[in-house]
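Have a look at protein-v4.txt below; it lists compact mmCIF, C-alpha atoms and all ligand atoms.
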```txt
# COMPACT_ATOMS: atom_id res chain seq x y z
CA MET Q 1 -45.10 7.08 -11.48
CA PRO Q 2 -41.80 5.58 -10.32
CA THR Q 3 -42.11 1.84 -9.92
CA ARG Q 4 -40.48 -0.57 -7.51
CA GLN Q 5 -37.08 -1.56 -8.81
CA ARG Q 6 -35.08 -4.54 -7.68
CA ILE Q 7 -31.31 -4.78 -7.54
CA ALA Q 8 -30.37 -7.07 -10.42
CA ASP Q 9 -26.64 -6.79 -10.23
CA VAL Q 10 -23.86 -5.09 -8.24
CA GLU Q 11 -20.41 -4.45 -9.62
CA ILE Q 12 -17.55 -3.53 -7.29
CA THR Q 13 -14.43 -2.13 -8.92
CA PRO Q 14 -11.31 -1.25 -6.94
CA VAL Q 15 -9.44 1.73 -8.40
CA ALA Q 16 -6.19 3.58 -7.66
CA PHE Q 17 -5.35 7.22 -8.34
CA GLN Q 18 -2.15 9.18 -7.83
CA ASP Q 19 -1.60 10.78 -4.46
CA PRO Q 20 1.22 13.13 -3.38
CA PRO Q 21 3.46 12.45 -0.35
CA LEU Q 22 1.18 14.07 2.23
CA LEU Q 23 2.48 13.80 5.80
CA ASN Q 24 0.39 13.06 8.86
CA ALA Q 25 0.64 11.74 12.41
CA VAL Q 26 1.00 8.13 11.26
CA GLY Q 27 3.36 8.48 8.29
CA VAL Q 28 2.94 9.60 4.71
CA HIS Q 29 0.53 8.95 1.85
CA GLU Q 30 1.68 6.30 -0.62
CA PRO Q 31 1.96 7.15 -4.34
CA PHE Q 32 -1.60 5.88 -4.94
CA ALA Q 33 -4.83 6.15 -2.97
CA ILE Q 34 -7.27 3.26 -3.36
CA ARG Q 35 -11.07 3.35 -3.49
CA ALA Q 36 -13.90 1.01 -4.47
CA ILE Q 37 -16.62 2.03 -6.91
CA VAL Q 38 -19.98 0.35 -6.34
CA GLU Q 39 -22.39 0.27 -9.28
CA ILE Q 40 -25.90 -1.08 -8.75
CA ARG Q 41 -28.10 -1.97 -11.73
CA THR Q 42 -31.81 -2.62 -11.42
CA ASP Q 43 -34.17 -4.96 -13.23
CA GLU Q 44 -35.69 -1.84 -14.87
CA GLY Q 45 -32.35 -0.86 -16.37
CA LEU Q 46 -31.41 2.06 -14.09
CA SER Q 47 -28.01 2.24 -12.43
CA GLY Q 48 -26.61 4.06 -9.39
CA LEU Q 49 -23.14 4.79 -8.01
CA GLY Q 50 -21.42 4.68 -4.65
CA GLU Q 51 -17.78 5.20 -3.64
CA THR Q 52 -15.97 3.85 -0.61
CA TYR Q 53 -12.62 2.56 0.72
CA GLY Q 54 -10.74 0.04 -1.43
CA ASP Q 55 -8.82 -1.87 1.23
CA THR Q 56 -8.75 -5.70 1.10
CA LYS Q 57 -10.93 -6.45 4.10
CA HIS Q 58 -13.45 -3.80 3.13
CA LEU Q 59 -13.60 -5.14 -0.45
CA GLU Q 60 -14.27 -8.64 0.87
CA ARG Q 61 -17.10 -7.30 3.03
CA LEU Q 62 -18.55 -5.31 0.11
CA ARG Q 63 -18.51 -8.42 -2.09
CA ARG Q 64 -20.27 -10.53 0.55
CA ALA Q 65 -22.89 -7.80 0.97
CA ALA Q 66 -23.30 -7.46 -2.82
CA GLU Q 67 -24.33 -11.11 -3.08
CA LEU Q 68 -27.03 -10.72 -0.46
CA VAL Q 69 -28.53 -7.41 -1.57
CA THR Q 70 -29.41 -8.72 -5.03
CA GLY Q 71 -33.19 -8.77 -5.35
CA THR Q 72 -33.76 -5.96 -2.80
CA ASP Q 73 -36.06 -3.10 -3.79
CA VAL Q 74 -33.98 0.10 -4.10
CA TRP Q 75 -36.78 1.97 -2.25
CA ASP Q 76 -36.54 -0.37 0.74
CA LEU Q 77 -33.39 0.92 2.39
CA ASN Q 78 -34.32 -0.75 5.70
CA ALA Q 79 -34.32 -4.14 3.98
CA LEU Q 80 -31.05 -3.22 2.29
CA ALA Q 81 -29.48 -2.41 5.67
CA GLY Q 82 -30.79 -5.68 7.10
CA ARG Q 83 -29.24 -7.68 4.28
CA VAL Q 84 -25.90 -5.90 4.68
CA ARG Q 85 -25.97 -6.68 8.42
CA THR Q 86 -26.76 -10.33 7.67
CA SER Q 87 -23.82 -10.51 5.28
CA LEU Q 88 -21.55 -9.40 8.12
CA GLN Q 89 -22.72 -12.00 10.64
CA GLY Q 90 -19.73 -13.67 12.25
CA ASP Q 91 -17.47 -10.77 11.21
CA SER Q 92 -16.75 -9.03 14.48
CA GLY Q 93 -13.79 -7.06 13.12
CA THR Q 94 -13.37 -3.32 13.08
CA GLY Q 95 -10.91 -1.42 10.90
CA GLY Q 96 -10.08 -2.33 7.33
CA HIS Q 97 -11.65 0.96 6.28
CA GLY Q 98 -8.73 2.70 4.69
CA MET Q 99 -8.04 5.16 7.49
CA ALA Q 100 -4.39 4.19 8.02
CA GLY Q 101 -5.27 3.17 11.56
CA MET Q 102 -6.54 6.66 12.46
CA VAL Q 103 -10.22 5.75 12.82
CA THR Q 104 -10.51 2.18 14.04
CA ASP Q 105 -13.73 2.08 16.00
CA SER Q 106 -16.23 3.25 13.45
CA SER Q 107 -19.04 0.81 12.73
CA THR Q 108 -18.21 -1.81 10.12
CA ALA Q 109 -21.88 -2.30 9.28
CA ASP Q 110 -22.28 1.45 8.66
CA ALA Q 111 -19.15 1.62 6.48
CA VAL Q 112 -20.23 -1.35 4.35
CA PHE Q 113 -23.84 -0.17 4.01
CA SER Q 114 -22.91 3.38 2.96
CA PRO Q 115 -22.00 2.93 -0.75
CA PHE Q 116 -25.01 0.67 -1.33
CA GLU Q 117 -27.32 3.27 0.19
CA VAL Q 118 -25.77 6.09 -1.87
CA ALA Q 119 -26.13 4.03 -5.08
CA CYS Q 120 -29.80 3.28 -4.27
CA LEU Q 121 -30.47 6.99 -3.62
CA ASP Q 122 -28.82 7.75 -6.96
CA ILE Q 123 -31.26 5.32 -8.59
CA GLN Q 124 -34.25 6.73 -6.66
CA GLY Q 125 -33.29 10.17 -7.93
CA LYS Q 126 -33.06 8.96 -11.51
CA ALA Q 127 -36.41 7.18 -11.19
CA THR Q 128 -38.14 10.31 -9.87
CA GLY Q 129 -36.20 12.98 -11.75
CA LEU Q 130 -35.07 14.48 -8.42
CA PRO Q 131 -31.58 15.30 -7.15
CA VAL Q 132 -30.41 13.31 -4.10
CA SER Q 133 -30.55 16.50 -1.97
CA SER Q 134 -34.34 16.54 -2.51
CA LEU Q 135 -34.62 12.93 -1.39
CA LEU Q 136 -32.77 13.92 1.80
CA GLY Q 137 -35.30 16.59 2.68
CA GLY Q 138 -34.40 19.35 0.27
CA ALA Q 139 -31.40 21.56 -0.37
CA VAL Q 140 -31.23 24.52 2.01
CA ARG Q 141 -28.25 25.95 0.11
CA ASP Q 142 -27.28 25.72 -3.53
CA ARG Q 143 -23.49 25.94 -3.06
CA ILE Q 144 -21.38 24.05 -0.57
CA ASP Q 145 -18.30 25.71 0.88
CA TYR Q 146 -15.21 23.55 1.20
CA SER Q 147 -11.99 24.40 3.04
CA ALA Q 148 -8.41 24.52 1.82
CA TYR Q 149 -6.97 21.31 3.29
CA LEU Q 150 -3.23 21.89 3.75
CA PHE Q 151 -0.67 19.18 4.40
CA TYR Q 152 2.99 19.21 5.25
CA LYS Q 153 4.54 17.39 2.33
CA TRP Q 154 7.74 16.45 0.62
CA ALA Q 155 8.53 17.87 -2.82
CA GLY Q 156 7.79 14.49 -4.38
CA HIS Q 157 7.71 10.80 -3.63
CA PRO Q 158 11.24 9.52 -2.98
CA GLY Q 159 12.86 8.51 -6.25
CA ALA Q 160 10.29 10.41 -8.36
CA GLU Q 161 10.26 13.91 -9.85
CA PRO Q 162 8.95 16.70 -7.58
CA ASP Q 163 5.22 17.30 -8.06
CA THR Q 164 3.78 20.67 -8.97
CA TRP Q 165 2.99 21.55 -5.33
CA GLY Q 166 6.59 21.21 -4.17
CA ALA Q 167 7.64 20.86 -0.55
CA ALA Q 168 5.82 22.32 2.47
CA LEU Q 169 7.89 21.60 5.55
CA ASP Q 170 7.90 24.94 7.39
CA PRO Q 171 5.61 27.97 7.87
CA ASP Q 172 6.70 29.58 4.58
CA GLY Q 173 6.00 26.37 2.67
CA VAL Q 174 2.59 26.05 4.32
CA VAL Q 175 1.66 29.65 3.49
CA ALA Q 176 2.80 29.19 -0.13
CA GLN Q 177 0.70 26.03 -0.41
CA ALA Q 178 -2.32 27.86 1.02
CA ARG Q 179 -1.84 30.73 -1.40
CA ARG Q 180 -1.84 28.44 -4.43
CA MET Q 181 -4.82 26.45 -3.18
CA ILE Q 182 -6.81 29.61 -2.49
CA ASP Q 183 -5.80 31.14 -5.84
CA ASP Q 184 -6.85 27.95 -7.66
CA TYR Q 185 -10.08 27.20 -5.78
CA GLY Q 186 -11.10 30.36 -3.91
CA PHE Q 187 -11.45 28.66 -0.52
CA SER Q 188 -12.34 30.88 2.42
CA ALA Q 189 -11.41 28.56 5.32
CA ILE Q 190 -8.16 26.69 5.96
CA LYS Q 191 -7.35 23.42 7.71
CA LEU Q 192 -3.78 22.34 8.40
CA LYS Q 193 -3.12 18.65 8.92
CA GLY Q 194 -0.72 18.62 11.87
CA GLY Q 195 0.77 15.97 14.14
CA VAL Q 196 3.86 15.92 11.92
CA PHE Q 197 6.32 18.31 13.57
CA GLU Q 198 6.98 19.54 17.11
CA PRO Q 199 3.83 21.38 18.26
CA ASP Q 200 5.69 24.72 18.43
CA GLU Q 201 6.50 24.45 14.73
CA GLU Q 202 2.86 23.81 13.93
CA ILE Q 203 1.82 26.77 16.13
CA ALA Q 204 4.23 28.90 14.07
CA ALA Q 205 2.66 27.64 10.83
CA ILE Q 206 -0.85 28.51 12.04
CA LYS Q 207 0.30 31.95 13.15
CA ALA Q 208 1.95 32.49 9.76
CA LEU Q 209 -1.35 31.55 8.08
CA ALA Q 210 -3.24 33.96 10.35
CA GLU Q 211 -0.88 36.74 9.35
CA ALA Q 212 -0.98 35.92 5.64
CA PHE Q 213 -4.78 35.50 5.49
CA PRO Q 214 -6.26 37.89 8.07
CA GLY Q 215 -9.74 36.95 9.21
CA MET Q 216 -9.72 33.55 7.47
CA PRO Q 217 -11.13 30.77 9.71
CA LEU Q 218 -8.28 28.37 10.60
CA ARG Q 219 -8.26 24.79 11.92
CA LEU Q 220 -5.46 22.51 13.07
CA ASP Q 221 -5.79 18.71 13.18
CA PRO Q 222 -2.89 16.72 14.68
CA ASN Q 223 -4.87 13.44 14.67
CA ALA Q 224 -4.43 12.83 18.41
CA ALA Q 225 -0.64 13.14 18.31
CA TRP Q 226 -0.58 15.14 21.56
CA THR Q 227 -1.00 14.37 25.25
CA VAL Q 228 -3.69 16.16 27.21
CA ASP Q 229 -1.10 18.57 28.64
CA THR Q 230 0.40 19.35 25.24
CA SER Q 231 -3.08 19.90 23.79
CA ILE Q 232 -3.90 22.40 26.53
CA ARG Q 233 -0.59 24.20 26.09
CA VAL Q 234 -0.96 24.45 22.31
CA GLY Q 235 -4.64 25.36 22.51
CA ARG Q 236 -3.92 28.24 24.90
CA LYS Q 237 -1.29 29.60 22.53
CA LEU Q 238 -3.80 29.50 19.68
CA ASP Q 239 -6.65 31.10 21.59
CA GLY Q 240 -8.33 33.61 19.29
CA VAL Q 241 -6.55 32.19 16.24
CA LEU Q 242 -8.35 28.88 15.57
CA GLU Q 243 -12.02 28.48 14.69
CA TYR Q 244 -11.72 24.93 16.06
CA LEU Q 245 -9.05 22.50 17.20
CA GLU Q 246 -9.56 19.02 15.75
CA ASP Q 247 -8.63 15.83 17.64
CA PRO Q 248 -5.69 17.23 19.60
CA THR Q 249 -5.61 14.13 21.80
CA GLY Q 250 -7.03 10.63 21.74
CA GLY Q 251 -10.29 9.27 23.15
CA ILE Q 252 -13.42 10.74 24.67
CA GLU Q 253 -11.92 11.08 28.17
CA GLY Q 254 -8.81 12.87 26.89
CA MET Q 255 -10.83 15.19 24.66
CA ALA Q 256 -13.20 16.00 27.55
CA GLU Q 257 -10.28 16.95 29.78
CA VAL Q 258 -8.82 19.23 27.08
CA ALA Q 259 -12.27 20.70 26.33
CA ARG Q 260 -12.67 21.75 29.98
CA LYS Q 261 -9.49 23.84 29.81
CA LEU Q 262 -9.65 25.42 26.35
CA PRO Q 263 -11.81 28.26 25.08
CA MET Q 264 -12.12 27.16 21.45
CA PRO Q 265 -14.44 24.36 20.27
CA LEU Q 266 -12.91 20.91 19.92
CA ALA Q 267 -13.88 19.00 16.78
CA THR Q 268 -13.51 15.31 16.05
CA ASN Q 269 -13.47 12.56 13.48
CA MET Q 270 -11.56 10.25 15.83
CA ALA Q 271 -13.22 10.27 19.26
CA VAL Q 272 -16.87 10.24 18.18
CA VAL Q 273 -17.02 8.12 15.03
CA SER Q 274 -20.17 6.04 15.42
CA PHE Q 275 -23.60 6.20 17.04
CA ALA Q 276 -22.24 4.18 19.97
CA ASP Q 277 -19.82 7.05 20.78
CA LEU Q 278 -22.50 9.74 20.95
CA ASP Q 279 -23.82 8.96 24.43
CA PRO Q 280 -20.41 8.96 26.18
CA GLY Q 281 -19.19 11.88 24.03
CA ILE Q 282 -22.21 14.03 24.87
CA ARG Q 283 -22.28 13.10 28.59
CA ARG Q 284 -18.64 14.09 28.98
CA ASN Q 285 -18.91 17.22 26.82
CA ALA Q 286 -15.92 15.96 24.85
CA VAL Q 287 -16.57 17.80 21.59
CA ARG Q 288 -18.51 20.74 20.23
CA VAL Q 289 -18.13 19.91 16.53
CA VAL Q 290 -18.58 16.48 14.96
CA LEU Q 291 -17.01 15.98 11.55
CA SER Q 292 -19.61 13.82 9.87
CA ASP Q 293 -18.59 11.48 7.09
CA HIS Q 294 -21.22 9.45 5.25
CA HIS Q 295 -18.59 6.82 4.38
CA PHE Q 296 -18.39 5.64 7.98
CA TRP Q 297 -21.59 7.03 9.55
CA GLY Q 298 -23.74 4.70 7.43
CA GLY Q 299 -24.63 6.72 4.35
CA LEU Q 300 -26.55 9.91 3.72
CA ARG Q 301 -29.72 9.27 5.70
CA ARG Q 302 -27.79 8.05 8.77
CA SER Q 303 -25.67 11.22 8.48
CA ARG Q 304 -28.90 13.24 8.57
CA LEU Q 305 -29.81 11.32 11.74
CA LEU Q 306 -26.41 12.25 13.19
CA ALA Q 307 -27.13 15.87 12.28
CA GLY Q 308 -30.44 15.74 14.17
CA ILE Q 309 -28.75 14.31 17.26
CA CYS Q 310 -26.06 17.00 17.10
CA GLU Q 311 -28.72 19.69 16.82
CA THR Q 312 -30.64 18.30 19.80
CA PHE Q 313 -27.55 18.23 21.99
CA GLY Q 314 -26.15 21.59 20.92
CA MET Q 315 -23.20 20.29 18.90
CA SER Q 316 -22.20 21.69 15.52
CA LEU Q 317 -21.36 19.79 12.36
CA SER Q 318 -18.49 19.93 9.95
CA MET Q 319 -17.52 17.30 7.37
CA HIS Q 320 -14.52 14.98 7.23
CA SER Q 321 -12.75 13.73 4.13
CA ASN Q 322 -10.17 11.19 3.03
CA SER Q 323 -8.63 10.96 -0.46
CA HIS Q 324 -11.66 10.57 -2.75
CA LEU Q 325 -13.05 10.83 -6.27
CA GLY Q 326 -16.07 12.52 -7.83
CA ILE Q 327 -18.81 10.13 -6.70
CA SER Q 328 -17.90 10.87 -3.09
CA LEU Q 329 -17.69 14.62 -3.76
CA ALA Q 330 -21.18 14.52 -5.28
CA ALA Q 331 -22.59 12.59 -2.30
CA MET Q 332 -20.87 14.93 0.20
CA THR Q 333 -22.25 17.96 -1.65
CA HIS Q 334 -25.86 16.67 -1.69
CA LEU Q 335 -25.63 15.75 2.00
CA ALA Q 336 -24.22 19.14 2.99
CA ALA Q 337 -26.93 20.84 0.93
CA ALA Q 338 -29.68 18.99 2.80
CA THR Q 339 -28.20 19.42 6.30
CA PRO Q 340 -29.22 22.84 7.64
CA ASN Q 341 -26.95 22.69 10.71
CA LEU Q 342 -23.82 21.79 8.73
CA THR Q 343 -22.52 25.32 8.91
CA TYR Q 344 -18.74 24.90 8.69
CA ALA Q 345 -16.90 24.68 5.36
CA CYS Q 346 -16.43 20.96 4.62
CA ASP Q 347 -13.09 19.18 4.30
CA THR Q 348 -12.06 17.77 0.95
CA HIS Q 349 -8.86 16.18 -0.36
CA TRP Q 350 -10.00 17.13 -3.89
CA PRO Q 351 -7.14 19.53 -4.78
CA TRP Q 352 -4.61 16.78 -4.05
CA LYS Q 353 -5.66 14.45 -6.82
CA ASP Q 354 -4.60 14.72 -10.43
CA GLN Q 355 -7.58 16.57 -11.88
CA GLU Q 356 -7.50 14.33 -14.98
CA GLU Q 357 -7.99 11.22 -12.88
CA ASP Q 358 -11.56 10.38 -11.96
CA VAL Q 359 -14.25 7.82 -12.66
CA VAL Q 360 -16.93 10.43 -13.44
CA LYS Q 361 -17.21 12.59 -16.53
CA PRO Q 362 -15.94 16.15 -15.96
CA GLY Q 363 -18.21 19.16 -15.67
CA ALA Q 364 -20.80 18.16 -13.08
CA LEU Q 365 -18.74 19.28 -10.08
CA THR Q 366 -16.71 22.44 -10.32
CA PHE Q 367 -15.25 24.74 -7.70
CA SER Q 368 -15.77 28.45 -7.78
CA GLU Q 369 -15.08 30.80 -4.88
CA GLY Q 370 -14.31 27.79 -2.69
CA ALA Q 371 -17.68 26.15 -3.25
CA VAL Q 372 -19.26 23.44 -5.36
CA ALA Q 373 -22.70 24.12 -6.86
CA VAL Q 374 -25.16 21.44 -5.74
CA PRO Q 375 -25.98 19.29 -8.79
CA THR Q 376 -29.60 19.65 -9.86
CA ALA Q 377 -29.71 16.74 -12.32
CA PRO Q 378 -31.54 13.58 -11.16
CA GLY Q 379 -29.74 11.40 -8.61
CA LEU Q 380 -26.17 12.30 -7.67
CA GLY Q 381 -25.87 14.19 -10.94
CA VAL Q 382 -22.61 12.51 -12.00
CA GLU Q 383 -22.05 10.08 -14.85
CA LEU Q 384 -19.66 7.14 -14.81
CA ASP Q 385 -16.84 7.30 -17.37
CA ARG Q 386 -16.33 3.60 -18.13
CA ASP Q 387 -13.01 4.10 -19.94
CA LYS Q 388 -11.59 5.96 -16.97
CA LEU Q 389 -13.01 3.45 -14.53
CA GLY Q 390 -11.21 0.73 -16.52
CA ALA Q 391 -7.98 2.73 -16.59
CA LEU Q 392 -8.02 3.42 -12.84
CA HIS Q 393 -8.82 -0.24 -12.20
CA GLU Q 394 -5.78 -1.24 -14.31
CA GLN Q 395 -3.78 1.24 -12.27
CA PHE Q 396 -5.05 -0.46 -9.09
CA LEU Q 397 -3.91 -3.85 -10.40
CA ARG Q 398 -0.49 -2.46 -11.39
CA CYS Q 399 0.25 -0.32 -8.33
CA GLY Q 400 0.34 -3.25 -5.91
CA ILE Q 401 -1.20 -1.28 -3.01
CA ARG Q 402 -3.96 -3.33 -1.43
CA ASP Q 403 -4.29 -1.63 1.97
CA ARG Q 404 -3.62 1.98 2.89
CA ASP Q 405 -0.43 1.92 4.96
CA ASP Q 406 1.00 5.38 5.65
CA THR Q 407 3.20 4.01 8.45
CA GLY Q 408 4.63 1.12 6.43
CA TYR Q 409 5.45 3.45 3.52
CA MET Q 410 7.18 5.90 5.88
CA ARG Q 411 9.21 3.05 7.38
CA ARG Q 412 10.34 1.92 3.95
CA ILE Q 413 11.74 5.42 3.47
CA ASP Q 414 12.94 5.97 7.03
CA PRO Q 415 13.47 2.64 8.84
CA ALA Q 416 13.92 4.50 12.16
CA TYR Q 417 10.39 5.97 11.98
CA GLU Q 418 8.36 5.03 15.04
CA LEU Q 419 4.61 5.25 15.40
CA ARG Q 420 3.93 6.92 18.75
CA LYS Q 421 0.52 7.95 20.00
CA PRO Q 422 0.72 10.42 21.58
CA ARG Q 423 4.02 11.58 20.14
CA TRP Q 424 4.27 14.90 22.01
O1 LIG A 501 -5.40 11.95 4.50
C1 LIG A 501 -4.87 12.05 5.60
O2 LIG A 501 -3.68 11.86 5.80
C2 LIG A 501 -5.74 12.48 6.75
O3 LIG A 501 -5.01 12.47 7.94
C3 LIG A 501 -6.95 11.60 6.86
O4 LIG A 501 -6.60 10.26 6.80
C4 LIG A 501 -7.78 11.85 8.08
O5 LIG A 501 -8.73 10.85 8.21
C5 LIG A 501 -8.56 13.10 8.05
O6 LIG A 501 -8.50 13.85 6.98
C6 LIG A 501 -8.78 13.81 9.34
O7 LIG A 501 -9.37 14.86 9.31
O8 LIG A 501 -8.43 13.31 10.39
MG MG A 502 -9.48 14.96 11.50
```

Mind turning this structure into structure tokens?
Amino acid sequence: MPTRQRIADVEITPVAFQDPPLLNAVGVHEPFAIRAIVEIRTDEGLSGLGETYGDTKHLERLRRAAELVTGTDVWDLNALAGRVRTSLQGDSGTGGHGMAGMVTDSSTADAVFSPFEVACLDIQGKATGLPVSSLLGGAVRDRIDYSAYLFYKWAGHPGAEPDTWGAALDPDGVVAQARRMIDDYGFSAIKLKGGVFEPDEEIAAIKALAEAFPGMPLRLDPNAAWTVDTSIRVGRKLDGVLEYLEDPTGGIEGMAEVARKLPMPLATNMAVVSFADLDPGIRRNAVRVVLSDHHFWGGLRRSRLLAGICETFGMSLSMHSNSHLGISLAAMTHLAAATPNLTYACDTHWPWKDQEEDVVKPGALTFSEGAVAVPTAPGLGVELDRDKLGALHEQFLRCGIRDRDDTGYMRRIDPAYELRKPRW
């Protein structure tokens, strides 16, 4: 019989891991991505893991929450959420979530609660001998499909050696990148991060992908870099080519206007990013696919709630990702396994990290034919590697990056770079 277990101690460790110069609508990835690892230990000696953003403001909020959740029963997730909310009283801020300014209106309370909830579910799983997917209602699939997440990129960070991926700055470069990623991982869907070059160049890249990989589902995501008119123009040119168009323009109103004129589904992780956005988003028919993300939708159970709302209102689900490590991949995989209406291949930045760098021991999460097998071991099914956690924490201390700042890094390289939204 599992017994009640109280949180005895929470440890929050910021870490940094290498990241290539990936380009997007707001600049370029810095040489390191930062995350925070949350480890909860109980009075019965069990421990659980969560992973979230590592930015300064978010770390401060996590630390305040950590003080208040001590003593909470890991089975009482409502009490846990209440304590996290209490810890945020007087903090009316948004942002600080490591999204480089791309997702600013998501709920702070949900983002702070998420890693604590995931860590408690990990403990619940270990206490019962069940995988997290079972605690979420049961796995309806045993492998989770992920998509090849392509980025325009430079050959290497300025002043450093080129990385093994090399440059991708035109359609040929994008196709070559896709080929390697598909050869290495076996993905059977492709997403291109756009918003970097003139829309016509990005249309050419998508068409080159369609020609090189016939029948492969394709997505383009310019992170709201386009006006409504540009979005409609580009969307019409890609009719029949894209499986969905992600965040062509900003805001619910803009997306609704584009949605009325385009045949393909619009998807979002920018216009509908919290429960407060669902009512206006649904009323205006702004999107047909929501990219869920347990890191900002309030953990795994709140993401299941989102899935239920999407099902009720006839919207589909995909899954969003930022640069992440193995704890997040495990949580994403369990969630996708236990979400019947999550039918699109999920995003992941996984191929972009150095495969030697992680905080979990290797072996539990492996890709084959574009999918990760859902772990069946108790909890998340991943084990913390304390030496690597220490090494990536040292790297965090050394690297000097404290807040994700794609725009600032781009400006250090190109002082004339201007952030414009929309740009085209
Ligand atoms: O990593 C990036 O540069 C992406 O642009 C990321 O920050 C976005 O949040 C994301 O992947 C998206 O789908 O919008
Ligand atoms: Mg997106």

Quick one: residues within 9 Å of ligand LIG 501 (chain A), with only C-alpha atoms and all ligand atoms, as an MDAnalysis selection string?
chainID Q and resid 22:29 98:103 149 151 191 193:194 221:224 246:247 268:270 291 319:323 347:349 406

Can you tell me how far atom CA of Arg236 of chain Q sits from atom CA of Arg179 of chain Q, in Å to one decimal?
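We find that atom CA of Arg236 of chain Q and atom CA of Arg179 of chain Q lie 26.5 Å from each other.
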
Pick the closest to ligand MG 502 (chain A) from Q:Ala307, Q:Leu335, Q:Val290, Q:Leu77: which is it, counting only C-alpha atoms and all ligand atoms?
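Of all the options, Q:Val290 lies closest to ligand MG 502 (chain A).
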
Do you know which residues lie at most 10 Å from (-20.6, -4.3, 1.4), with coordinates as in the file and only C-alpha atoms counted, and could you write them as JSON, numbers by chain?
{"Q": [12, 38, 52, 58, 59, 60, 61, 62, 63, 64, 65, 66, 67, 68, 69, 83, 84, 85, 87, 88, 108, 109, 110, 111, 112, 113, 114, 115, 116]}

Which residues of segment 44-128 of chain Q have any atom within 12 Å of an atom in segment 383-399 of chain Q when counting only C-alpha atoms, and what is the closest pair of atoms for each, with the distance in Å to one decimal? Order the rows by chain and rising number and write it as a tab-separated table.
```
residue	atom	partner	partner_atom	distance
Q:Ser47	CA	Q:Leu384	CA	10.0
Q:Gly48	CA	Q:Glu383	CA	9.3
Q:Leu49	CA	Q:Leu384	CA	8.0
Q:Gly50	CA	Q:Leu384	CA	10.6
Q:Glu51	CA	Q:Leu384	CA	11.5
Q:Gly54	CA	Q:Phe396	CA	9.6
Q:Asp55	CA	Q:Phe396	CA	11.1
Q:Asp122	CA	Q:Glu383	CA	10.7
Q:Lys126	CA	Q:Glu383	CA	11.6
```

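Take atom CA of Val15 of chain Q and atom CA of Ile40 of chain Q: the distance between them is 16.7 Å.
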
Separating atom CA of Ala267 of chain Q from atom CA of Val287 of chain Q, to the nearest tenth of an Å, is a gap of 5.6 Å

Of the listed residues Q:Arg284, Q:Asp414, Q:Ser368, Q:Gly195, that which approaches ligand MG 502 (chain A) most closely, counting all atoms listed in the file
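Between Q:Arg284, Q:Asp414, Q:Ser368, Q:Gly195, the residue approaching ligand MG 502 (chain A) most closely is Q:Gly195.
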
Which one of Q:Ala204, Q:Ile123, Q:Ala256, Q:Ala225 sits closest to Lys237 of chain Q if you count all atoms listed in the file?
Q:Ala204

Give me the residues near Asp19 of chain Q as an MDAnalysis selection string, where near means some atom within 12 Å (using all atoms listed in the file) and where sequence neighbours in that chain fewer than 4 positions away do not count.
chainID Q and resid 23 28:34 153 156:157 163 165 322:325 349:355 357 399 404 406

List the residues sitting within 7 Å of (-20.8, 23.6, 17.1) in the file's frame, using all atoms listed in the file, as a ChimeraX atom specification.
/Q:288-289,314-317

Just-selected residues, C-alpha atoms written as a CSV table (one decimal), in the coordinates of the input:
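Result file is selection.csv:
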```csv
chain,number,residue,atom,x,y,z
Q,288,ARG,CA,-18.5,20.7,20.2
Q,289,VAL,CA,-18.1,19.9,16.5
Q,314,GLY,CA,-26.2,21.6,20.9
Q,315,MET,CA,-23.2,20.3,18.9
Q,316,SER,CA,-22.2,21.7,15.5
Q,317,LEU,CA,-21.4,19.8,12.4
```

For ligand MG 502 (chain A), the nearest of the candidates Q:Leu192, Q:Ala139, Q:Ile252, Q:Ile327, counting all atoms listed in the file:
Q:Leu192

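Take the candidates Q:Phe296, Q:Phe197, Q:Phe313, Q:Tyr344 and check each one against Arg423 of chain Q using all atoms listed in the file; the shortest distance goes to Q:Phe197.
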
In terms of the shortest atom-to-atom distance over all atoms listed in the file, which of Q:Phe213, Q:Trp154, Q:Phe367, Q:Tyr244 is closest to ligand MG 502 (chain A)?
Q:Tyr244

Will you model N, CA and C atoms for segment 143-149 of chain Q and pass it back as a CSV table (one decimal), in the frame of the given file?
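Resulting contents of part.csv:
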```csv
chain,number,residue,atom,x,y,z
Q,143,ARG,N,-24.9,26.1,-2.9
Q,143,ARG,CA,-23.5,25.9,-3.1
Q,143,ARG,C,-22.9,25.5,-1.7
Q,144,ILE,N,-22.0,24.6,-1.8
Q,144,ILE,CA,-21.4,24.0,-0.6
Q,144,ILE,C,-19.9,24.5,-0.5
Q,145,ASP,N,-19.7,25.2,0.6
Q,145,ASP,CA,-18.3,25.7,0.9
Q,145,ASP,C,-17.4,24.6,1.4
Q,146,TYR,N,-16.3,24.5,0.8
Q,146,TYR,CA,-15.2,23.6,1.2
Q,146,TYR,C,-14.0,24.4,1.7
Q,147,SER,N,-13.1,23.7,2.5
Q,147,SER,CA,-12.0,24.4,3.0
Q,147,SER,C,-10.7,24.0,2.3
Q,148,ALA,N,-9.7,24.8,2.4
Q,148,ALA,CA,-8.4,24.5,1.8
Q,148,ALA,C,-7.8,23.6,2.8
Q,149,TYR,N,-7.5,22.4,2.4
Q,149,TYR,CA,-7.0,21.3,3.3
Q,149,TYR,C,-5.5,21.2,3.1
```
